[in-house]
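Reading through the structure tokens given below for one structure.
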Amino acid sequence: MSPRTTFENELKELHNHVTDMAWQVEKNYEQLFDALARKDEQEIIRIKEDDKEINQRQREVESKCLLLITRQQPVIGDLRVVTASLKVVTDIERVGDHLADMAELFLRMGLKEVSVYSQHLMPMAQAARKMVKMAVNAFVNRNEQVAREVIAGDDEVDELFNKVKNDLIEILKKETRDVDDCIDALMIAKYLEKIGDHAVNISEWELFQETGNISKVRVL
């Protein structure tokens with residue numbers, strides 16, 4: 001087997017690792033809010049604890065990327081793929097972290113329906129989830145157009161965050177008994193906003209794979 005064939009096989013293996021990690025996070029996102037709706041405490045605990053496995057997957061991908069760079073000395077196009085993969089798994093891992101953080105908040109809030117604090121929280125969760133799904137698909141399938149759609153759609157999540165914040169301010173103006181839960185609800189909204197930002201980052205790294213240019217990746 002030629003060195004080039006060996007390298008191409010290792011690139012495919014890297015791609016599969018990134019894809020598997022991303023799909024695990026996507027699945028947890030879907031199941032987290034489904035478990036909240038069903039008040040399934042054990043499922044929420046499982047998602048919270050699953051973050052350890054996601055962290056381990058990130059370390060494995062990073063190790064694979066560094067080995068490819070140091071041992072194979074990839075040409076510029078391949079180097080972009082490896083570098084983008086190295087960066088993308090950081091954003092995917094951070095999405096997993098935010099899901100675990102929200103799971104902990106759901107448990108602390110007694111699995112209350114978050115819509116009682118703001119009617120905009122669930123639409124925000126759905127919008128951020130859609131961004132992640134599209135961003136992952138864009139990166140995995142190397143679809144520049146979809147990546148640009150994700151970036152363009154970031155304003156929707158930001159606008160919903162502001163609406164949630166305003167709803168919570170109005171609640172706190174009227175009463176003080178739910179202060180702790182209102183703060184937790186605001187934290188959930190903030191995590192969702194950050195998830196949207198990570199989806200934008202993943203999309204930016206897809207554009208980097210295709211063009212070699214990157215300018216808006218956010219440090220989160």
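Convention: chains lettered A, B, ... in structure tokens order; per-chain residue numbering from 1; ligands numbered from 1 as shown.
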Which residues of segment 82-167 of chain A come within 12 Å of segment 9-12 of chain A, and what is each one's closest atom pair and distance in Å (one decimal), counting only C-alpha atoms, sorted by chain and residue number, as CSV?
```
residue,atom,partner,partner_atom,distance
A:Val82,CA,A:Leu11,CA,7.8
A:Thr83,CA,A:Leu11,CA,11.6
A:Ser85,CA,A:Leu11,CA,10.1
A:Val140,CA,A:Lys12,CA,11.1
```
Expected file: the selected residues, C-alpha atoms, as a CSV table (one decimal), in the first residue's frame:
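Wrote it out as part.csv, contents follow:
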```
chain,number,residue,atom,x,y,z
A,82,VAL,CA,-7.0,17.9,9.4
A,83,THR,CA,-6.8,21.4,11.0
A,85,SER,CA,-11.2,18.6,12.2
A,140,VAL,CA,-19.4,16.2,7.3
```
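Look at Asn162 of chain A: the protein and nucleic acid residues within 10 Å of it, using only C-alpha atoms and passing over chain neighbours fewer than 3 places away, are A:His120, A:Val157, A:Asp158, A:Glu159, A:Lys165, A:Asn166, A:Asp167, A:Leu168, A:Ala189, A:Lys190, A:Glu193.
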Please produce an output containing C-alpha atoms for each residue in the selection, written as a short mmCIF file (atom, residue, chain, number, x, y, z; two decimals), in the first residue's frame.
```cif
data_model
loop_
_atom_site.label_atom_id
_atom_site.label_comp_id
_atom_site.auth_asym_id
_atom_site.auth_seq_id
_atom_site.Cartn_x
_atom_site.Cartn_y
_atom_site.Cartn_z
CA HIS A 120 -39.55 31.67 23.63
CA VAL A 157 -31.18 32.54 18.11
CA ASP A 158 -29.79 35.88 19.31
CA GLU A 159 -33.21 37.52 18.93
CA LYS A 165 -34.32 37.73 28.84
CA ASN A 166 -37.11 40.31 28.58
CA ASP A 167 -39.72 37.73 29.66
CA LEU A 168 -37.67 36.88 32.74
CA ALA A 189 -31.02 30.49 27.36
CA LYS A 190 -27.38 31.56 27.54
CA GLU A 193 -27.09 31.05 22.59
#
```
Against segment 175-187 of chain A, which residues of segment 110-144 of chain A fall within 9 Å? For each one I want the closest pair of atoms and the distance in Å (one decimal), counting only C-alpha atoms, rows by chain and increasing residue number, as JSON lines.
```
{"residue": "A:Val114", "atom": "CA", "partner": "A:Ala185", "partner_atom": "CA", "distance": 7.0}
{"residue": "A:Tyr117", "atom": "CA", "partner": "A:Cys182", "partner_atom": "CA", "distance": 6.9}
{"residue": "A:Ser118", "atom": "CA", "partner": "A:Ala185", "partner_atom": "CA", "distance": 8.5}
{"residue": "A:Leu121", "atom": "CA", "partner": "A:Ala185", "partner_atom": "CA", "distance": 8.4}
```
With N, CA and C atoms retained, write the just-selected residues as a PDB file, in the first residue's frame.
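Produced file part17.pdb, reproduced below:
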```pdb
ATOM      1  N   VAL A 114     -39.840  24.443  31.040  1.00  0.00           N
ATOM      2  CA  VAL A 114     -39.168  25.741  30.930  1.00  0.00           C
ATOM      3  C   VAL A 114     -40.054  26.804  30.287  1.00  0.00           C
ATOM      4  N   TYR A 117     -41.472  29.922  32.112  1.00  0.00           N
ATOM      5  CA  TYR A 117     -40.659  31.113  32.340  1.00  0.00           C
ATOM      6  C   TYR A 117     -40.591  31.993  31.092  1.00  0.00           C
ATOM      7  N   SER A 118     -40.662  31.370  29.941  1.00  0.00           N
ATOM      8  CA  SER A 118     -40.693  32.135  28.692  1.00  0.00           C
ATOM      9  C   SER A 118     -41.191  31.234  27.571  1.00  0.00           C
ATOM     10  N   LEU A 121     -38.391  30.036  25.065  1.00  0.00           N
ATOM     11  CA  LEU A 121     -37.275  29.143  25.367  1.00  0.00           C
ATOM     12  C   LEU A 121     -37.262  27.897  24.486  1.00  0.00           C
TER      13      LEU A 121
END
```
My list of candidates is A:Leu14, A:Ala35, A:Val132, A:Val150. Which is closest to Gly96 of chain A when distances are computed with only C-alpha atoms?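 Checking each of A:Leu14, A:Ala35, A:Val132, A:Val150 against Gly96 of chain A, counting only C-alpha atoms, the winner is A:Val132.
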Please list as a VMD selection string every residue within 10 Å of Leu111 of chain A, counting only C-alpha atoms and excluding residues in the same chain fewer than 2 positions away. chain A and resid 35 to 41 44 103 to 109 113 to 114
Restrict the selected residues to N, CA and C atoms and save them as a short mmCIF file (atom, residue, chain, number, x, y, z; two decimals), in the first residue's frame.
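Produced file out-v3.cif, reproduced below:
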```
data_model
loop_
_atom_site.label_atom_id
_atom_site.label_comp_id
_atom_site.auth_asym_id
_atom_site.auth_seq_id
_atom_site.Cartn_x
_atom_site.Cartn_y
_atom_site.Cartn_z
N ALA A 35 -36.57 14.11 27.05
CA ALA A 35 -36.60 13.59 28.42
C ALA A 35 -37.20 14.61 29.38
N LEU A 36 -36.93 15.88 29.16
CA LEU A 36 -37.52 16.92 30.01
C LEU A 36 -39.03 16.91 29.86
N ALA A 37 -39.51 16.80 28.63
CA ALA A 37 -40.96 16.79 28.39
C ALA A 37 -41.62 15.59 29.07
N ARG A 38 -40.89 14.46 29.11
CA ARG A 38 -41.43 13.25 29.74
C ARG A 38 -41.10 13.18 31.22
N LYS A 39 -40.33 14.16 31.71
CA LYS A 39 -39.85 14.18 33.10
C LYS A 39 -39.10 12.89 33.44
N ASP A 40 -38.25 12.50 32.51
CA ASP A 40 -37.45 11.28 32.67
C ASP A 40 -36.12 11.64 33.31
N GLU A 41 -36.09 11.58 34.63
CA GLU A 41 -34.89 11.99 35.37
C GLU A 41 -33.68 11.14 35.03
N ILE A 44 -32.07 12.14 31.75
CA ILE A 44 -31.36 13.40 31.87
C ILE A 44 -30.03 13.20 32.60
N ALA A 103 -28.67 19.89 31.47
CA ALA A 103 -29.22 18.73 32.16
C ALA A 103 -29.15 18.93 33.68
N GLU A 104 -28.03 19.45 34.14
CA GLU A 104 -27.88 19.71 35.58
C GLU A 104 -28.88 20.76 36.05
N LEU A 105 -29.11 21.79 35.23
CA LEU A 105 -30.08 22.81 35.60
C LEU A 105 -31.50 22.25 35.62
N PHE A 106 -31.82 21.42 34.65
CA PHE A 106 -33.16 20.80 34.63
C PHE A 106 -33.40 20.01 35.91
N LEU A 107 -32.38 19.28 36.34
CA LEU A 107 -32.51 18.49 37.57
C LEU A 107 -32.67 19.41 38.77
N ARG A 108 -31.90 20.48 38.80
CA ARG A 108 -31.97 21.41 39.93
C ARG A 108 -33.33 22.11 39.99
N MET A 109 -33.93 22.33 38.82
CA MET A 109 -35.24 23.00 38.75
C MET A 109 -36.40 22.02 38.97
N GLU A 113 -41.28 22.49 33.44
CA GLU A 113 -41.41 22.87 32.04
C GLU A 113 -40.87 24.28 31.87
N VAL A 114 -39.84 24.44 31.04
CA VAL A 114 -39.17 25.74 30.93
C VAL A 114 -40.05 26.80 30.29
#
```
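Ranking A:Ile69, A:Ala138, A:Ile214, A:Ile47 by their shortest atom-to-atom distance to Leu86 of chain A, with only C-alpha atoms included, puts A:Ile69 first.
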Leaving out Gly196 of chain A and any residue of its chain fewer than 2 positions from it, which residues lie within 12 Å of it when counting only C-alpha atoms, given as a CSV table (one decimal) with C-alpha atoms, in the first residue's frame?
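The result, stored in selection.csv:
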```csv
chain,number,residue,atom,x,y,z
A,91,ASP,CA,-16.8,23.2,19.2
A,92,ILE,CA,-18.7,19.8,19.2
A,94,ARG,CA,-18.4,22.5,24.0
A,95,VAL,CA,-21.9,21.8,22.7
A,98,HIS,CA,-23.6,22.9,27.4
A,124,MET,CA,-34.9,28.9,21.0
A,125,ALA,CA,-33.8,25.3,21.8
A,126,GLN,CA,-35.3,24.1,18.5
A,127,ALA,CA,-33.6,26.8,16.5
A,128,ALA,CA,-30.2,26.2,18.1
A,129,ARG,CA,-30.6,22.4,17.6
A,130,LYS,CA,-31.4,23.0,13.9
A,131,MET,CA,-28.3,25.1,13.6
A,132,VAL,CA,-26.1,22.4,15.1
A,133,LYS,CA,-27.7,19.7,12.8
A,134,MET,CA,-27.2,21.8,9.7
A,135,ALA,CA,-23.6,22.8,10.7
A,150,VAL,CA,-26.2,28.4,9.3
A,151,ILE,CA,-24.0,31.5,9.6
A,152,ALA,CA,-26.8,33.7,8.2
A,153,GLY,CA,-29.4,32.2,10.6
A,154,ASP,CA,-27.5,33.0,13.8
A,155,ASP,CA,-29.5,36.2,14.3
A,156,GLU,CA,-32.7,34.2,15.0
A,157,VAL,CA,-31.2,32.5,18.1
A,158,ASP,CA,-29.8,35.9,19.3
A,159,GLU,CA,-33.2,37.5,18.9
A,160,LEU,CA,-34.9,34.7,20.8
A,161,PHE,CA,-32.3,35.1,23.6
A,189,ALA,CA,-31.0,30.5,27.4
A,190,LYS,CA,-27.4,31.6,27.5
A,191,TYR,CA,-26.2,28.0,26.9
A,192,LEU,CA,-28.5,27.8,23.9
A,193,GLU,CA,-27.1,31.0,22.6
A,194,LYS,CA,-23.6,29.7,23.0
A,198,HIS,CA,-20.6,26.9,18.2
A,199,ALA,CA,-22.7,25.9,15.2
A,200,VAL,CA,-21.5,29.1,13.5
A,201,ASN,CA,-17.9,28.1,14.3
A,202,ILE,CA,-18.4,24.6,12.8
A,203,SER,CA,-19.8,26.2,9.7
A,218,ARG,CA,-15.5,32.9,18.0
A,220,LEU,CA,-16.0,30.5,23.5
```
Could you tell me how far atom CA of Glu93 of chain A sits from atom CA of Val75 of chain A, in Å to one decimal place?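 Value for the atom CA of Val75 of chain A-atom CA of Glu93 of chain A distance: 27.2 Å.
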Compile the contact shell of Leu207 of chain A as a PyMOL selection string: residues with an atom at most 9 Å away, counting only C-alpha atoms, same-chain residues fewer than 2 positions apart removed. chain A and resi 139+142-144+147-148+202-205+209-214
Pick from A:Ala84, A:Leu66, A:Ile54, A:Ile76, whichever lies nearest to Trp23 of chain A using only C-alpha atoms: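 Looking at the shortest contact to Trp23 of chain A, the residue is A:Ile54.
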